Amino acid sequence: MARLKAQGFDEALDCLDTLSAGIGAVADEALNNAAPDMADSLKKEIREAADRGYAKGALANSVVPTKAKENQYGHFVAVCVVGRDKKGTSNGEKLAYLEYGTSRQAARPVLDKAVRRAGPKCMEKMQETIGKYIDKL
């Protein structure tokens, strides 16, 4: 756990000002450090759910994390599937079929399981990154 040491009110305010000035870059770094774990978790869930003998792993291999970005809601990364298979079917479409099912295929939800599995590890990595920044103050 990070500790912030300051003597006196003015020094505490200076530390907090310094912390807030660079927090955007730290948030991006923390998210970028955690995103690969979330991507790995989603790949594992997809492989487990789609292992029916016909799946070749193309959907799981298409999972990639984006770099951290910022919008009006804050900083974020997205873990998504990209591209198409050799038949031309969008990997996003295949993930939707897997997650929600079709009229001929039962739903095999993977997204919630992946988030639950990777969540604690991702939080730990983000806390570690932010803690290192605070320790430098």
# chains A, B, ... in the order shown; residues from 1 in each chain; ligands from 1
>>> select_by_dssp(residues="region 19-71 of chain A", states="strand (DSSP E)", output="PyMOL selection string")
chain A and resi 63-65+69-71
>>> residues_around(residues="Glu99 (chain A)", least_positions_apart="4", cutoff="7 Å", atoms="only C-alpha atoms", output="list in words")
Leu95, Ala107, Arg108, Pro109 and Val110 of chain A
>>> closest_residue(among="A:Lys121, A:Gly74, A:Leu98, A:Gly131", to="Arg52 (chain A)", atoms="only C-alpha atoms")
A:Leu98
>>> closest_atom_pairs(of="region 107-132 of chain A", to="region 22-36 of chain A", cutoff="6 Å", atoms="only C-alpha atoms", output="Markdown table")
| residue | atom | partner | partner_atom | distance |
| --- | --- | --- | --- | --- |
| A:Cys122 | CA | A:Ala34 | CA | 4.8 |
| A:Lys125 | CA | A:Ala34 | CA | 5.8 |
| A:Met126 | CA | A:Ala30 | CA | 4.6 |
| A:Thr129 | CA | A:Ala30 | CA | 5.4 |
>>> residues_around(residues="region 37-48 of chain A", least_positions_apart="6", cutoff="7 Å", atoms="only C-alpha atoms", output="VMD selection string")
chain A and resid 57 60 63 to 65 79 110 to 111 114 to 115 117 to 118 122
>>> residues_around(residues="region 86-92 of chain A", least_positions_apart="6", cutoff="9 Å", atoms="only C-alpha atoms", output="ChimeraX atom specification")
/A:58-59,62,80
>>> write_last_selection(atoms="N, CA, C and O atoms", output="mmCIF file, in the first residue's frame")
data_model
loop_
_atom_site.group_PDB
_atom_site.id
_atom_site.type_symbol
_atom_site.label_atom_id
_atom_site.label_comp_id
_atom_site.auth_asym_id
_atom_site.auth_seq_id
_atom_site.Cartn_x
_atom_site.Cartn_y
_atom_site.Cartn_z
ATOM 1 N N ALA A 58 -9.542 -19.230 -33.889
ATOM 2 C CA ALA A 58 -9.419 -17.928 -34.547
ATOM 3 C C ALA A 58 -10.096 -16.828 -33.736
ATOM 4 O O ALA A 58 -9.573 -15.715 -33.649
ATOM 5 N N LEU A 59 -11.232 -17.139 -33.124
ATOM 6 C CA LEU A 59 -11.935 -16.123 -32.329
ATOM 7 C C LEU A 59 -11.108 -15.738 -31.111
ATOM 8 O O LEU A 59 -10.906 -14.555 -30.840
ATOM 9 N N SER A 62 -8.195 -13.535 -31.866
ATOM 10 C CA SER A 62 -8.497 -12.181 -32.342
ATOM 11 C C SER A 62 -8.731 -11.198 -31.193
ATOM 12 O O SER A 62 -8.992 -10.026 -31.432
ATOM 13 N N CYS A 80 -11.299 -6.224 -27.010
ATOM 14 C CA CYS A 80 -12.275 -6.552 -28.038
ATOM 15 C C CYS A 80 -11.711 -7.574 -29.021
ATOM 16 O O CYS A 80 -10.529 -7.894 -29.005
#
>>> select_by_dssp(residues="region 40-103 of chain A", states="helix (DSSP H, G or I)", output="list in words")
Asp40, Ser41, Leu42, Lys43, Lys44, Glu45, Ile46, Arg47, Glu48, Ala49, Ala50, Ala58, Leu59, Ala60, Asn61, Asn91, Gly92, Glu93, Lys94, Leu95, Ala96, Tyr97, Leu98, Glu99 and Tyr100 of chain A
>>> decode(residues="region 88-129 of chain A", atoms="N, CA and C atoms", output="PDB file, in the first residue's frame")
ATOM      1  N   GLY A  88     -14.979 -14.925 -43.896  1.00  0.00           N
ATOM      2  CA  GLY A  88     -15.464 -13.564 -43.989  1.00  0.00           C
ATOM      3  C   GLY A  88     -16.411 -13.156 -42.872  1.00  0.00           C
ATOM      4  N   THR A  89     -16.631 -14.032 -41.904  1.00  0.00           N
ATOM      5  CA  THR A  89     -17.516 -13.724 -40.790  1.00  0.00           C
ATOM      6  C   THR A  89     -16.768 -12.872 -39.761  1.00  0.00           C
ATOM      7  N   SER A  90     -17.395 -11.813 -39.333  1.00  0.00           N
ATOM      8  CA  SER A  90     -16.792 -10.918 -38.345  1.00  0.00           C
ATOM      9  C   SER A  90     -16.602 -11.656 -37.016  1.00  0.00           C
ATOM     10  N   ASN A  91     -15.436 -11.478 -36.422  1.00  0.00           N
ATOM     11  CA  ASN A  91     -15.187 -12.095 -35.121  1.00  0.00           C
ATOM     12  C   ASN A  91     -16.093 -11.502 -34.043  1.00  0.00           C
ATOM     13  N   GLY A  92     -16.466 -10.242 -34.179  1.00  0.00           N
ATOM     14  CA  GLY A  92     -17.416  -9.637 -33.255  1.00  0.00           C
ATOM     15  C   GLY A  92     -18.772 -10.322 -33.336  1.00  0.00           C
ATOM     16  N   GLU A  93     -19.168 -10.662 -34.541  1.00  0.00           N
ATOM     17  CA  GLU A  93     -20.428 -11.367 -34.752  1.00  0.00           C
ATOM     18  C   GLU A  93     -20.367 -12.762 -34.117  1.00  0.00           C
ATOM     19  N   LYS A  94     -19.246 -13.438 -34.282  1.00  0.00           N
ATOM     20  CA  LYS A  94     -19.094 -14.776 -33.700  1.00  0.00           C
ATOM     21  C   LYS A  94     -19.106 -14.712 -32.172  1.00  0.00           C
ATOM     22  N   LEU A  95     -18.496 -13.671 -31.610  1.00  0.00           N
ATOM     23  CA  LEU A  95     -18.516 -13.514 -30.159  1.00  0.00           C
ATOM     24  C   LEU A  95     -19.944 -13.284 -29.669  1.00  0.00           C
ATOM     25  N   ALA A  96     -20.723 -12.507 -30.402  1.00  0.00           N
ATOM     26  CA  ALA A  96     -22.124 -12.273 -30.036  1.00  0.00           C
ATOM     27  C   ALA A  96     -22.914 -13.579 -30.091  1.00  0.00           C
ATOM     28  N   TYR A  97     -22.676 -14.420 -31.105  1.00  0.00           N
ATOM     29  CA  TYR A  97     -23.348 -15.715 -31.191  1.00  0.00           C
ATOM     30  C   TYR A  97     -22.978 -16.587 -29.996  1.00  0.00           C
ATOM     31  N   LEU A  98     -21.711 -16.573 -29.624  1.00  0.00           N
ATOM     32  CA  LEU A  98     -21.250 -17.369 -28.496  1.00  0.00           C
ATOM     33  C   LEU A  98     -21.868 -16.858 -27.197  1.00  0.00           C
ATOM     34  N   GLU A  99     -21.866 -15.553 -27.013  1.00  0.00           N
ATOM     35  CA  GLU A  99     -22.346 -14.935 -25.765  1.00  0.00           C
ATOM     36  C   GLU A  99     -23.864 -15.062 -25.606  1.00  0.00           C
ATOM     37  N   TYR A 100     -24.616 -14.792 -26.676  1.00  0.00           N
ATOM     38  CA  TYR A 100     -26.068 -14.713 -26.571  1.00  0.00           C
ATOM     39  C   TYR A 100     -26.814 -15.869 -27.230  1.00  0.00           C
ATOM     40  N   GLY A 101     -26.113 -16.673 -28.017  1.00  0.00           N
ATOM     41  CA  GLY A 101     -26.741 -17.789 -28.700  1.00  0.00           C
ATOM     42  C   GLY A 101     -27.482 -17.367 -29.952  1.00  0.00           C
ATOM     43  N   THR A 102     -28.013 -18.344 -30.641  1.00  0.00           N
ATOM     44  CA  THR A 102     -28.829 -18.120 -31.838  1.00  0.00           C
ATOM     45  C   THR A 102     -30.054 -19.022 -31.719  1.00  0.00           C
ATOM     46  N   SER A 103     -30.855 -19.043 -32.750  1.00  0.00           N
ATOM     47  CA  SER A 103     -32.035 -19.913 -32.713  1.00  0.00           C
ATOM     48  C   SER A 103     -31.641 -21.390 -32.712  1.00  0.00           C
ATOM     49  N   ARG A 104     -30.414 -21.693 -33.174  1.00  0.00           N
ATOM     50  CA  ARG A 104     -29.957 -23.090 -33.220  1.00  0.00           C
ATOM     51  C   ARG A 104     -28.784 -23.380 -32.282  1.00  0.00           C
ATOM     52  N   GLN A 105     -28.306 -22.365 -31.590  1.00  0.00           N
ATOM     53  CA  GLN A 105     -27.133 -22.540 -30.726  1.00  0.00           C
ATOM     54  C   GLN A 105     -27.418 -21.929 -29.358  1.00  0.00           C
ATOM     55  N   ALA A 106     -27.192 -22.699 -28.328  1.00  0.00           N
ATOM     56  CA  ALA A 106     -27.411 -22.200 -26.967  1.00  0.00           C
ATOM     57  C   ALA A 106     -26.366 -21.140 -26.628  1.00  0.00           C
ATOM     58  N   ALA A 107     -26.761 -20.209 -25.789  1.00  0.00           N
ATOM     59  CA  ALA A 107     -25.832 -19.171 -25.330  1.00  0.00           C
ATOM     60  C   ALA A 107     -24.781 -19.798 -24.418  1.00  0.00           C
ATOM     61  N   ARG A 108     -23.552 -19.357 -24.598  1.00  0.00           N
ATOM     62  CA  ARG A 108     -22.448 -19.779 -23.725  1.00  0.00           C
ATOM     63  C   ARG A 108     -21.713 -18.503 -23.305  1.00  0.00           C
ATOM     64  N   PRO A 109     -22.261 -17.803 -22.303  1.00  0.00           N
ATOM     65  CA  PRO A 109     -21.695 -16.508 -21.897  1.00  0.00           C
ATOM     66  C   PRO A 109     -20.236 -16.618 -21.471  1.00  0.00           C
ATOM     67  N   VAL A 110     -19.415 -15.717 -21.993  1.00  0.00           N
ATOM     68  CA  VAL A 110     -17.987 -15.715 -21.682  1.00  0.00           C
ATOM     69  C   VAL A 110     -17.524 -14.378 -21.108  1.00  0.00           C
ATOM     70  N   LEU A 111     -18.199 -13.304 -21.423  1.00  0.00           N
ATOM     71  CA  LEU A 111     -17.722 -11.982 -21.037  1.00  0.00           C
ATOM     72  C   LEU A 111     -17.751 -11.784 -19.519  1.00  0.00           C
ATOM     73  N   ASP A 112     -18.866 -12.099 -18.891  1.00  0.00           N
ATOM     74  CA  ASP A 112     -18.970 -11.921 -17.446  1.00  0.00           C
ATOM     75  C   ASP A 112     -17.976 -12.815 -16.706  1.00  0.00           C
ATOM     76  N   LYS A 113     -17.820 -14.049 -17.173  1.00  0.00           N
ATOM     77  CA  LYS A 113     -16.869 -14.971 -16.548  1.00  0.00           C
ATOM     78  C   LYS A 113     -15.447 -14.439 -16.663  1.00  0.00           C
ATOM     79  N   ALA A 114     -15.112 -13.891 -17.817  1.00  0.00           N
ATOM     80  CA  ALA A 114     -13.761 -13.361 -18.020  1.00  0.00           C
ATOM     81  C   ALA A 114     -13.490 -12.172 -17.104  1.00  0.00           C
ATOM     82  N   VAL A 115     -14.470 -11.303 -16.965  1.00  0.00           N
ATOM     83  CA  VAL A 115     -14.306 -10.130 -16.094  1.00  0.00           C
ATOM     84  C   VAL A 115     -14.178 -10.565 -14.642  1.00  0.00           C
ATOM     85  N   ARG A 116     -14.997 -11.501 -14.219  1.00  0.00           N
ATOM     86  CA  ARG A 116     -14.927 -11.980 -12.830  1.00  0.00           C
ATOM     87  C   ARG A 116     -13.594 -12.674 -12.546  1.00  0.00           C
ATOM     88  N   ARG A 117     -13.096 -13.422 -13.516  1.00  0.00           N
ATOM     89  CA  ARG A 117     -11.841 -14.146 -13.323  1.00  0.00           C
ATOM     90  C   ARG A 117     -10.652 -13.187 -13.260  1.00  0.00           C
ATOM     91  N   ALA A 118     -10.620 -12.208 -14.146  1.00  0.00           N
ATOM     92  CA  ALA A 118      -9.455 -11.318 -14.242  1.00  0.00           C
ATOM     93  C   ALA A 118      -9.551 -10.086 -13.354  1.00  0.00           C
ATOM     94  N   GLY A 119     -10.728  -9.765 -12.870  1.00  0.00           N
ATOM     95  CA  GLY A 119     -10.927  -8.540 -12.103  1.00  0.00           C
ATOM     96  C   GLY A 119      -9.955  -8.340 -10.948  1.00  0.00           C
ATOM     97  N   PRO A 120      -9.822  -9.303 -10.044  1.00  0.00           N
ATOM     98  CA  PRO A 120      -8.905  -9.098  -8.915  1.00  0.00           C
ATOM     99  C   PRO A 120      -7.448  -8.888  -9.338  1.00  0.00           C
ATOM    100  N   LYS A 121      -6.996  -9.627 -10.328  1.00  0.00           N
ATOM    101  CA  LYS A 121      -5.610  -9.482 -10.793  1.00  0.00           C
ATOM    102  C   LYS A 121      -5.408  -8.118 -11.453  1.00  0.00           C
ATOM    103  N   CYS A 122      -6.390  -7.683 -12.219  1.00  0.00           N
ATOM    104  CA  CYS A 122      -6.304  -6.365 -12.857  1.00  0.00           C
ATOM    105  C   CYS A 122      -6.281  -5.258 -11.812  1.00  0.00           C
ATOM    106  N   MET A 123      -7.134  -5.368 -10.811  1.00  0.00           N
ATOM    107  CA  MET A 123      -7.157  -4.355  -9.745  1.00  0.00           C
ATOM    108  C   MET A 123      -5.819  -4.315  -9.013  1.00  0.00           C
ATOM    109  N   GLU A 124      -5.244  -5.477  -8.769  1.00  0.00           N
ATOM    110  CA  GLU A 124      -3.949  -5.548  -8.092  1.00  0.00           C
ATOM    111  C   GLU A 124      -2.860  -4.845  -8.907  1.00  0.00           C
ATOM    112  N   LYS A 125      -2.847  -5.095 -10.221  1.00  0.00           N
ATOM    113  CA  LYS A 125      -1.843  -4.451 -11.079  1.00  0.00           C
ATOM    114  C   LYS A 125      -2.031  -2.940 -11.121  1.00  0.00           C
ATOM    115  N   MET A 126      -3.282  -2.500 -11.191  1.00  0.00           N
ATOM    116  CA  MET A 126      -3.529  -1.061 -11.230  1.00  0.00           C
ATOM    117  C   MET A 126      -3.145  -0.407  -9.907  1.00  0.00           C
ATOM    118  N   GLN A 127      -3.462  -1.051  -8.788  1.00  0.00           N
ATOM    119  CA  GLN A 127      -3.085  -0.509  -7.489  1.00  0.00           C
ATOM    120  C   GLN A 127      -1.570  -0.442  -7.340  1.00  0.00           C
ATOM    121  N   GLU A 128      -0.890  -1.449  -7.854  1.00  0.00           N
ATOM    122  CA  GLU A 128       0.574  -1.466  -7.790  1.00  0.00           C
ATOM    123  C   GLU A 128       1.170  -0.307  -8.584  1.00  0.00           C
ATOM    124  N   THR A 129       0.650  -0.074  -9.774  1.00  0.00           N
ATOM    125  CA  THR A 129       1.143   1.008 -10.621  1.00  0.00           C
ATOM    126  C   THR A 129       0.908   2.362  -9.963  1.00  0.00           C
TER     127      THR A 129
END
